[in-house]
Amino acid sequence: MSFNFSKDNLPKKLFINNEYVDSKNSKKLTLTDPANGFLVADDVALAGEADVDAAVDAAEKAFPAWRKTSAADRRNIMYKFAELIEKNGIALAELTRITLGAPYGAFGAFEVGLASEAFKYNAGWIDKFAGESWPQEDGFLKIVRNEPLGVTAGIVPWNGPLGTIGLKAGPALATGNCFILKPSEKTPFASLALGALIKEAGFPPGVFQVLSGDGSTGALIASHMRVRKVSFTGSIPTGKKIQEMAAKSNLKRVTLELGGKSPAVVFDDADLENAVTWTANAITANTGQVCFAASRVYVQEGIYEKFIEKYKQAMKEKAKAVGDPEKEGTQIGPLVDEAQFKRVSGFIERGQKGQGKLLVGGQRIGDKGFYLEPTVFTDVDPTSEIHTQEIFGPVSVVRSFKTEEEIMKLSNDTNFGLMAGVFTQDINKALRVASEFDSGMVGVNCVSLMFMVAPFGGSKESGVGRECGVHALRAFTEPKTVMVNLTY
Ligand code: NAD
């Protein structure tokens with residue numbers, strides 16, 4: 001089996017036990033191209049109960065040998081897989097782009113890099129993720145082993161379809177678990193294409209499998225009695241359902257990476273150019289369809305007018321970079337599909353009816369495809385939906401503030417807690433504010449960014465648990481304490 005997928009040869013079958021197989025379910029997924037609304041396919045496998053069971057059976061069978069595979073062998077397979085992702089990166093990005101609409105230069109290449117780096121980074125941990133041992137002076141040696149969980153699964157969203165795979169499958173497989181990937185119904189192709197690379201890299205059958213499907217497939221996985229862990233990235237309502245299904249089935253472990261409405265706080269003493277650049281990039285990257293996008297921008301009154309002028313200008317420049325994702329130079333593509341376009345347009349429309357003042361944008365671009373101008377509202381009512389809800393498009397709200405105390409209160413007056421940013425040249429203020437934010441991540445003079453080595457995730461309703469760094473390996477293992485009686 002070699003990798004020969006492209007937009008003219010789409011992968012449409014499930015990948016179970018190292019083979020591409022037809023789904024036993026008669027229902028299929030339908031996909032459209034957001035650049036023009038055209039049908040891409042209406043016959044992509046949607047995994048049902050029998051398919052999920054088949055994958056779990058294969059994973060259970062593979063687990064005993066995989067967990068005992070030597071660290072060097074496991075590392076080599078993961079490295080080879082990472083290299084294969086890089087080698088086929090352009091094709092994988094195309095398979096994503098055809099239904100997500102994200103241009104290669106601005107997003108596709110980043111995602112390919114993130115996925116391959118995640119496999120390499122986690123492979124590097126395999127022989128370094130040590131357990132612990134405790135003093136034996138009392139006659140007992142206590143050894144703590146990091147044990148894999150068994151059959152694990154990743155349910156991922158459409159907005160970062162390749163990157164999120166690496167963040168979940170990387171640590172799961174590195175720690176000796178078997179892993180079932182369930183991509184979003186809106187972006188299944190790159191995930192399904194990985195099957196060929198999984199086999200080529202040398203993963204044994206059943207270790208790494210891919211089940212395309214929709215929420216019904218995700219629910220089968222989340223409530224499965226023999227799946228021991230689900231790492232989920234997606235919306236808060238779905239995350240809540242998954243936690244409930246996990247509790248009601250077998251108390252499987254759950255990691256949740258959920259939505260955000262992240263604040264960026266710009267103080268009078270900030271470097272204006274820097275603050276404008278980061279905040280404008282943050283809300284337009286991937287057409288604003290980014291969980292940790294800085295979508296609330298708070299600017300101190302001393303530089304408010306100047307900031308607004310430059311931010312508006314930056315958004316106008318961004319609007320010029322919106323276009324066909326297939327064209328060279330395009331930075332910002334369409335929204336993912338008609339449903340998302342209508343959702344975001346609805347927020348913009350209602351926002352203009354008394355919630356705030358439209359500063360820039362707000363219009364559809366062109367008459368085909370799902371393109372929108374980057375949009376900013378000012379003077380926003382803090383109780384309005386455009387200020388309180390995750391819009392998940394290129395739409396931000398801006399407000400001015402007087403005091404640090406006032407703005408920290410408003411920043412934290414939300415159930416989200418994913419990312420925050422503070423812009424100032426005063427290091428004391430930066431660190432004080434960073435510790436005050438109720439959020440899993442804070443940028444100082446930067447915002448909406450991540451690193452493989454550092455914990456990634458949200459507080460409050462933005463998530464449970466962390467990805468990246470050693471935290472991801474802990475989330476896919478459980479400590480087992482072995483007590484040795486040395487006096488026996
Ligand atoms: P979604 O919750 O609709 O779907 C996510 C995944 O869950 C999909 O694979 C979907 O098929 C599956 N699913 C849907 N219903 C299910 C159910 N009942 N049981 C099990 N699985 C189910 O989210 P989305 O629209 O694909 O993604 C956008 C959301 O994801 C946004 O809220 C965004 O903020 C969030 N997100 C968070 C992060 C993060 O790391 N915190 C990263 C990216 C996206």
# chains A, B, ... in the order shown; residues from 1 in each chain; ligands from 1
>>> closest_atom_pairs(of="chain A", to="ligand 1", cutoff="8 Å", atoms="only C-alpha atoms and all ligand atoms", output="Markdown table")
| residue | atom | partner | partner_atom_place_in_ligand_line | distance |
| --- | --- | --- | --- | --- |
| A:Ile155 | CA | ligand 1 | 9 (O) | 5.1 |
| A:Val156 | CA | ligand 1 | 9 (O) | 4.6 |
| A:Pro157 | CA | ligand 1 | 26 (O) | 3.5 |
| A:Trp158 | CA | ligand 1 | 26 (O) | 4.8 |
| A:Asn159 | CA | ligand 1 | 43 (C) | 6.0 |
| A:Gly160 | CA | ligand 1 | 43 (C) | 6.1 |
| A:Thr164 | CA | ligand 1 | 42 (C) | 7.4 |
| A:Lys182 | CA | ligand 1 | 9 (O) | 6.0 |
| A:Pro183 | CA | ligand 1 | 9 (O) | 5.0 |
| A:Ser184 | CA | ligand 1 | 9 (O) | 3.5 |
| A:Glu185 | CA | ligand 1 | 11 (O) | 5.5 |
| A:Lys186 | CA | ligand 1 | 26 (O) | 7.7 |
| A:Gly213 | CA | ligand 1 | 11 (O) | 6.5 |
| A:Asp214 | CA | ligand 1 | 11 (O) | 4.0 |
| A:Gly215 | CA | ligand 1 | 15 (N) | 3.5 |
| A:Ser216 | CA | ligand 1 | 17 (C) | 6.1 |
| A:Thr217 | CA | ligand 1 | 21 (N) | 6.7 |
| A:Gly218 | CA | ligand 1 | 21 (N) | 3.4 |
| A:Ala219 | CA | ligand 1 | 19 (N) | 3.6 |
| A:Leu220 | CA | ligand 1 | 20 (C) | 7.2 |
| A:Ile221 | CA | ligand 1 | 20 (C) | 7.2 |
| A:Ala222 | CA | ligand 1 | 20 (C) | 6.0 |
| A:Phe232 | CA | ligand 1 | 7 (O) | 7.1 |
| A:Thr233 | CA | ligand 1 | 37 (C) | 5.1 |
| A:Gly234 | CA | ligand 1 | 30 (O) | 3.0 |
| A:Ser235 | CA | ligand 1 | 32 (O) | 3.5 |
| A:Ile236 | CA | ligand 1 | 32 (O) | 6.1 |
| A:Pro237 | CA | ligand 1 | 2 (O) | 6.7 |
| A:Thr238 | CA | ligand 1 | 2 (O) | 4.5 |
| A:Gly239 | CA | ligand 1 | 2 (O) | 6.6 |
| A:Lys241 | CA | ligand 1 | 18 (N) | 6.0 |
| A:Ile242 | CA | ligand 1 | 19 (N) | 5.6 |
| A:Leu256 | CA | ligand 1 | 41 (N) | 7.4 |
| A:Glu257 | CA | ligand 1 | 41 (N) | 3.6 |
| A:Leu258 | CA | ligand 1 | 41 (N) | 3.9 |
| A:Gly259 | CA | ligand 1 | 34 (O) | 3.1 |
| A:Gly260 | CA | ligand 1 | 34 (O) | 5.5 |
| A:Gln289 | CA | ligand 1 | 33 (C) | 7.3 |
| A:Val290 | CA | ligand 1 | 43 (C) | 6.0 |
| A:Cys291 | CA | ligand 1 | 34 (O) | 3.5 |
| A:Phe292 | CA | ligand 1 | 41 (N) | 6.8 |
| A:Glu390 | CA | ligand 1 | 32 (O) | 7.0 |
| A:Phe392 | CA | ligand 1 | 31 (C) | 6.7 |
| A:Leu418 | CA | ligand 1 | 41 (N) | 6.8 |
| A:Phe456 | CA | ligand 1 | 40 (O) | 7.3 |
| A:Gly457 | CA | ligand 1 | 41 (N) | 5.8 |
| A:Gly458 | CA | ligand 1 | 41 (N) | 6.5 |
| A:Ser462 | CA | ligand 1 | 41 (N) | 6.4 |
| A:Gly463 | CA | ligand 1 | 41 (N) | 6.6 |
>>> closest_atom_pairs(of="region 318-365 of chain A", to="region 29-37 of chain A", cutoff="8 Å", atoms="only C-alpha atoms", output="Markdown table")
| residue | atom | partner | partner_atom | distance |
| --- | --- | --- | --- | --- |
| A:Asp324 | CA | A:Ala35 | CA | 6.2 |
| A:Pro325 | CA | A:Ala35 | CA | 7.2 |
| A:Gly333 | CA | A:Ala35 | CA | 7.6 |
| A:Pro334 | CA | A:Ala35 | CA | 6.1 |
| A:Leu335 | CA | A:Pro34 | CA | 6.7 |
| A:Val336 | CA | A:Pro34 | CA | 5.7 |
| A:Asp337 | CA | A:Pro34 | CA | 5.2 |
| A:Glu338 | CA | A:Pro34 | CA | 7.4 |
>>> atom_distance(atom1="CA of Pro382 (chain A)", atom2="CA of Gln313 (chain A)")
24.3 Å
>>> select_by_dssp(residues="region 272-456 of chain A", states="strand (DSSP E)", output="PDB file with N, CA and C atoms, in the first residue's frame")
ATOM      1  N   ALA A 294      -7.349  35.645  19.954  1.00  0.00           N
ATOM      2  CA  ALA A 294      -7.661  36.790  20.821  1.00  0.00           C
ATOM      3  C   ALA A 294      -8.857  37.519  20.212  1.00  0.00           C
ATOM      4  N   SER A 295     -10.041  37.200  20.702  1.00  0.00           N
ATOM      5  CA  SER A 295     -11.252  37.756  20.096  1.00  0.00           C
ATOM      6  C   SER A 295     -11.831  38.920  20.894  1.00  0.00           C
ATOM      7  N   ARG A 296     -11.292  39.136  22.098  1.00  0.00           N
ATOM      8  CA  ARG A 296     -11.670  40.340  22.855  1.00  0.00           C
ATOM      9  C   ARG A 296     -10.410  41.171  23.034  1.00  0.00           C
ATOM     10  N   VAL A 297     -10.421  42.386  22.554  1.00  0.00           N
ATOM     11  CA  VAL A 297      -9.238  43.236  22.672  1.00  0.00           C
ATOM     12  C   VAL A 297      -9.592  44.435  23.533  1.00  0.00           C
ATOM     13  N   TYR A 298      -8.874  44.606  24.633  1.00  0.00           N
ATOM     14  CA  TYR A 298      -9.124  45.701  25.565  1.00  0.00           C
ATOM     15  C   TYR A 298      -7.930  46.655  25.532  1.00  0.00           C
ATOM     16  N   VAL A 299      -8.218  47.935  25.291  1.00  0.00           N
ATOM     17  CA  VAL A 299      -7.136  48.891  25.089  1.00  0.00           C
ATOM     18  C   VAL A 299      -7.288  50.050  26.074  1.00  0.00           C
ATOM     19  N   GLN A 300      -6.205  50.388  26.765  1.00  0.00           N
ATOM     20  CA  GLN A 300      -6.291  51.467  27.759  1.00  0.00           C
ATOM     21  C   GLN A 300      -6.543  52.802  27.055  1.00  0.00           C
ATOM     22  N   LYS A 357     -20.568  48.949  17.778  1.00  0.00           N
ATOM     23  CA  LYS A 357     -20.446  49.753  16.556  1.00  0.00           C
ATOM     24  C   LYS A 357     -19.516  49.034  15.591  1.00  0.00           C
ATOM     25  N   LEU A 358     -19.958  48.839  14.357  1.00  0.00           N
ATOM     26  CA  LEU A 358     -19.102  48.153  13.386  1.00  0.00           C
ATOM     27  C   LEU A 358     -17.972  49.088  12.973  1.00  0.00           C
ATOM     28  N   LEU A 359     -16.718  48.714  13.261  1.00  0.00           N
ATOM     29  CA  LEU A 359     -15.575  49.567  12.918  1.00  0.00           C
ATOM     30  C   LEU A 359     -15.093  49.285  11.504  1.00  0.00           C
ATOM     31  N   VAL A 360     -15.034  47.993  11.168  1.00  0.00           N
ATOM     32  CA  VAL A 360     -14.511  47.632   9.846  1.00  0.00           C
ATOM     33  C   VAL A 360     -15.021  46.244   9.480  1.00  0.00           C
ATOM     34  N   ARG A 364     -19.690  40.054   3.146  1.00  0.00           N
ATOM     35  CA  ARG A 364     -19.254  38.876   2.390  1.00  0.00           C
ATOM     36  C   ARG A 364     -18.297  39.341   1.289  1.00  0.00           C
ATOM     37  N   ILE A 365     -17.306  38.519   0.969  1.00  0.00           N
ATOM     38  CA  ILE A 365     -16.425  38.833  -0.157  1.00  0.00           C
ATOM     39  C   ILE A 365     -16.786  37.896  -1.307  1.00  0.00           C
ATOM     40  N   TYR A 371     -16.520  33.422   1.940  1.00  0.00           N
ATOM     41  CA  TYR A 371     -15.507  34.408   2.325  1.00  0.00           C
ATOM     42  C   TYR A 371     -16.140  35.578   3.072  1.00  0.00           C
ATOM     43  N   LEU A 372     -15.456  36.011   4.120  1.00  0.00           N
ATOM     44  CA  LEU A 372     -15.949  37.139   4.912  1.00  0.00           C
ATOM     45  C   LEU A 372     -14.823  38.131   5.170  1.00  0.00           C
ATOM     46  N   THR A 375     -13.602  41.426  10.626  1.00  0.00           N
ATOM     47  CA  THR A 375     -14.620  42.328  11.159  1.00  0.00           C
ATOM     48  C   THR A 375     -14.318  42.717  12.602  1.00  0.00           C
ATOM     49  N   VAL A 376     -14.486  44.012  12.896  1.00  0.00           N
ATOM     50  CA  VAL A 376     -14.228  44.483  14.263  1.00  0.00           C
ATOM     51  C   VAL A 376     -15.401  45.335  14.745  1.00  0.00           C
ATOM     52  N   PHE A 377     -15.829  45.071  15.960  1.00  0.00           N
ATOM     53  CA  PHE A 377     -16.824  45.904  16.624  1.00  0.00           C
ATOM     54  C   PHE A 377     -16.165  46.675  17.768  1.00  0.00           C
ATOM     55  N   THR A 378     -16.550  47.953  17.916  1.00  0.00           N
ATOM     56  CA  THR A 378     -16.094  48.722  19.085  1.00  0.00           C
ATOM     57  C   THR A 378     -17.311  49.074  19.946  1.00  0.00           C
ATOM     58  N   VAL A 395     -13.764  37.713  13.621  1.00  0.00           N
ATOM     59  CA  VAL A 395     -14.560  38.789  14.238  1.00  0.00           C
ATOM     60  C   VAL A 395     -14.051  39.058  15.655  1.00  0.00           C
ATOM     61  N   SER A 396     -13.648  40.308  15.910  1.00  0.00           N
ATOM     62  CA  SER A 396     -13.214  40.642  17.265  1.00  0.00           C
ATOM     63  C   SER A 396     -14.015  41.822  17.797  1.00  0.00           C
ATOM     64  N   VAL A 397     -13.996  41.948  19.124  1.00  0.00           N
ATOM     65  CA  VAL A 397     -14.618  43.114  19.762  1.00  0.00           C
ATOM     66  C   VAL A 397     -13.542  43.880  20.511  1.00  0.00           C
ATOM     67  N   VAL A 398     -13.664  45.217  20.474  1.00  0.00           N
ATOM     68  CA  VAL A 398     -12.657  46.061  21.136  1.00  0.00           C
ATOM     69  C   VAL A 398     -13.360  46.993  22.110  1.00  0.00           C
ATOM     70  N   ARG A 399     -12.765  47.139  23.288  1.00  0.00           N
ATOM     71  CA  ARG A 399     -13.296  48.093  24.277  1.00  0.00           C
ATOM     72  C   ARG A 399     -12.141  48.849  24.887  1.00  0.00           C
ATOM     73  N   SER A 400     -12.423  50.054  25.338  1.00  0.00           N
ATOM     74  CA  SER A 400     -11.371  50.795  26.061  1.00  0.00           C
ATOM     75  C   SER A 400     -11.575  50.587  27.557  1.00  0.00           C
ATOM     76  N   PHE A 401     -10.485  50.788  28.302  1.00  0.00           N
ATOM     77  CA  PHE A 401     -10.599  50.680  29.757  1.00  0.00           C
ATOM     78  C   PHE A 401      -9.716  51.729  30.425  1.00  0.00           C
ATOM     79  N   MET A 419      -6.849  31.262  26.684  1.00  0.00           N
ATOM     80  CA  MET A 419      -5.641  32.054  26.402  1.00  0.00           C
ATOM     81  C   MET A 419      -5.897  33.483  26.836  1.00  0.00           C
ATOM     82  N   ALA A 420      -4.830  34.202  27.138  1.00  0.00           N
ATOM     83  CA  ALA A 420      -4.951  35.639  27.389  1.00  0.00           C
ATOM     84  C   ALA A 420      -3.637  36.279  26.968  1.00  0.00           C
ATOM     85  N   GLY A 421      -3.673  37.590  26.722  1.00  0.00           N
ATOM     86  CA  GLY A 421      -2.439  38.282  26.363  1.00  0.00           C
ATOM     87  C   GLY A 421      -2.380  39.613  27.073  1.00  0.00           C
ATOM     88  N   VAL A 422      -1.170  40.015  27.455  1.00  0.00           N
ATOM     89  CA  VAL A 422      -0.999  41.343  28.045  1.00  0.00           C
ATOM     90  C   VAL A 422       0.128  42.057  27.286  1.00  0.00           C
ATOM     91  N   PHE A 423      -0.147  43.299  26.932  1.00  0.00           N
ATOM     92  CA  PHE A 423       0.830  44.090  26.181  1.00  0.00           C
ATOM     93  C   PHE A 423       1.217  45.301  27.017  1.00  0.00           C
ATOM     94  N   MET A 441      -3.280  29.677  29.533  1.00  0.00           N
ATOM     95  CA  MET A 441      -2.071  30.189  28.878  1.00  0.00           C
ATOM     96  C   MET A 441      -2.138  31.715  28.811  1.00  0.00           C
ATOM     97  N   VAL A 442      -0.981  32.352  28.969  1.00  0.00           N
ATOM     98  CA  VAL A 442      -0.921  33.814  28.891  1.00  0.00           C
ATOM     99  C   VAL A 442       0.289  34.209  28.049  1.00  0.00           C
ATOM    100  N   GLY A 443       0.090  35.134  27.116  1.00  0.00           N
ATOM    101  CA  GLY A 443       1.206  35.685  26.365  1.00  0.00           C
ATOM    102  C   GLY A 443       1.545  37.063  26.897  1.00  0.00           C
ATOM    103  N   VAL A 444       2.827  37.355  27.030  1.00  0.00           N
ATOM    104  CA  VAL A 444       3.262  38.692  27.407  1.00  0.00           C
ATOM    105  C   VAL A 444       3.887  39.319  26.156  1.00  0.00           C
TER     106      VAL A 444
END
>>> select_by_dssp(residues="region 262-346 of chain A", states="helix (DSSP H, G or I)", output="MDAnalysis selection string")
chainID A and resid 272:288 301:320 338:346
>>> residues_around(residues="Ser384 (chain A)", least_positions_apart="5", cutoff="10 Å", atoms="only C-alpha atoms", output="list in words")
Arg350, Gly351, Gly354, Gln355, Gly356 and Gln389 of chain A
>>> residues_around(residues="Ala93 (chain A)", least_positions_apart="4", cutoff="9 Å", atoms="only C-alpha atoms", output="PyMOL selection string")
chain A and resi 88-89+97-98+102-104+107-109+111-112+162+190
>>> atom_distance(atom1="CA of Glu273 (chain A)", atom2="CA of Ala430 (chain A)")
17.6 Å
>>> residues_around(residues="His471 (chain A)", least_positions_apart="6", cutoff="12 Å", atoms="only C-alpha atoms", output="tab-separated table (two decimals) with N, CA, C and O atoms, in the first residue's frame")
chain	number	residue	atom	x	y	z
A	122	ASN	N	7.38	13.49	20.87
A	122	ASN	CA	6.91	12.44	21.78
A	122	ASN	C	7.74	11.16	21.65
A	122	ASN	O	7.96	10.46	22.65
A	125	TRP	N	10.62	11.22	23.91
A	125	TRP	CA	10.32	11.01	25.33
A	125	TRP	C	10.33	9.54	25.73
A	125	TRP	O	10.41	9.19	26.91
A	129	PHE	N	10.79	9.03	29.78
A	129	PHE	CA	9.62	9.25	30.63
A	129	PHE	C	9.71	8.24	31.78
A	129	PHE	O	9.04	7.22	31.80
A	167	LEU	N	-0.88	16.00	18.39
A	167	LEU	CA	-0.91	16.32	19.82
A	167	LEU	C	-1.55	15.20	20.64
A	167	LEU	O	-1.33	15.10	21.84
A	168	LYS	N	-2.38	14.38	19.99
A	168	LYS	CA	-3.04	13.28	20.72
A	168	LYS	C	-2.37	11.94	20.43
A	168	LYS	O	-2.00	11.21	21.36
A	171	PRO	N	1.62	11.43	21.95
A	171	PRO	CA	1.84	10.94	23.31
A	171	PRO	C	1.16	9.60	23.60
A	171	PRO	O	1.67	8.80	24.37
A	172	ALA	N	0.01	9.35	22.96
A	172	ALA	CA	-0.70	8.09	23.21
A	172	ALA	C	0.16	6.91	22.76
A	172	ALA	O	0.35	5.94	23.50
A	255	THR	N	-9.57	13.89	28.38
A	255	THR	CA	-8.91	15.20	28.26
A	255	THR	C	-9.80	16.03	27.35
A	255	THR	O	-10.25	15.54	26.30
A	452	MET	N	5.36	23.15	21.64
A	452	MET	CA	5.25	21.71	21.90
A	452	MET	C	5.71	21.33	23.31
A	452	MET	O	5.23	20.37	23.89
A	453	VAL	N	6.67	22.09	23.85
A	453	VAL	CA	7.27	21.70	25.14
A	453	VAL	C	6.44	22.15	26.34
A	453	VAL	O	6.67	21.68	27.45
A	454	ALA	N	5.49	23.07	26.14
A	454	ALA	CA	4.81	23.68	27.29
A	454	ALA	C	3.34	23.29	27.32
A	454	ALA	O	2.72	23.14	26.26
A	455	PRO	N	2.77	23.14	28.53
A	455	PRO	CA	1.37	22.72	28.61
A	455	PRO	C	0.44	23.59	27.80
A	455	PRO	O	0.53	24.83	27.83
A	456	PHE	N	-0.47	22.94	27.08
A	456	PHE	CA	-1.44	23.63	26.24
A	456	PHE	C	-2.83	23.21	26.69
A	456	PHE	O	-3.16	22.03	26.74
A	457	GLY	N	-3.68	24.18	27.04
A	457	GLY	CA	-5.04	23.83	27.43
A	457	GLY	C	-5.69	24.94	28.22
A	457	GLY	O	-5.09	26.00	28.45
A	464	VAL	N	-10.26	20.47	30.26
A	464	VAL	CA	-9.86	19.64	31.40
A	464	VAL	C	-8.58	18.94	30.96
A	464	VAL	O	-8.56	18.25	29.96
A	465	GLY	N	-7.50	19.16	31.70
A	465	GLY	CA	-6.23	18.53	31.38
A	465	GLY	C	-5.42	19.38	30.41
A	465	GLY	O	-5.86	20.46	29.99
A	477	THR	N	-1.17	7.98	30.56
A	477	THR	CA	-0.64	6.90	31.40
A	477	THR	C	-1.24	7.02	32.79
A	477	THR	O	-1.84	8.04	33.15
A	478	GLU	N	-1.05	5.96	33.55
A	478	GLU	CA	-1.48	6.02	34.94
A	478	GLU	C	-0.36	5.49	35.80
A	478	GLU	O	0.27	4.48	35.44
>>> closest_residue(among="A:Thr424, A:Ser249, A:Ser23, A:Thr487", to="Phe267 (chain A)", atoms="only C-alpha atoms")
A:Thr424
>>> atom_distance(atom1="CA of Leu84 (chain A)", atom2="CA of Pro204 (chain A)")
16.3 Å
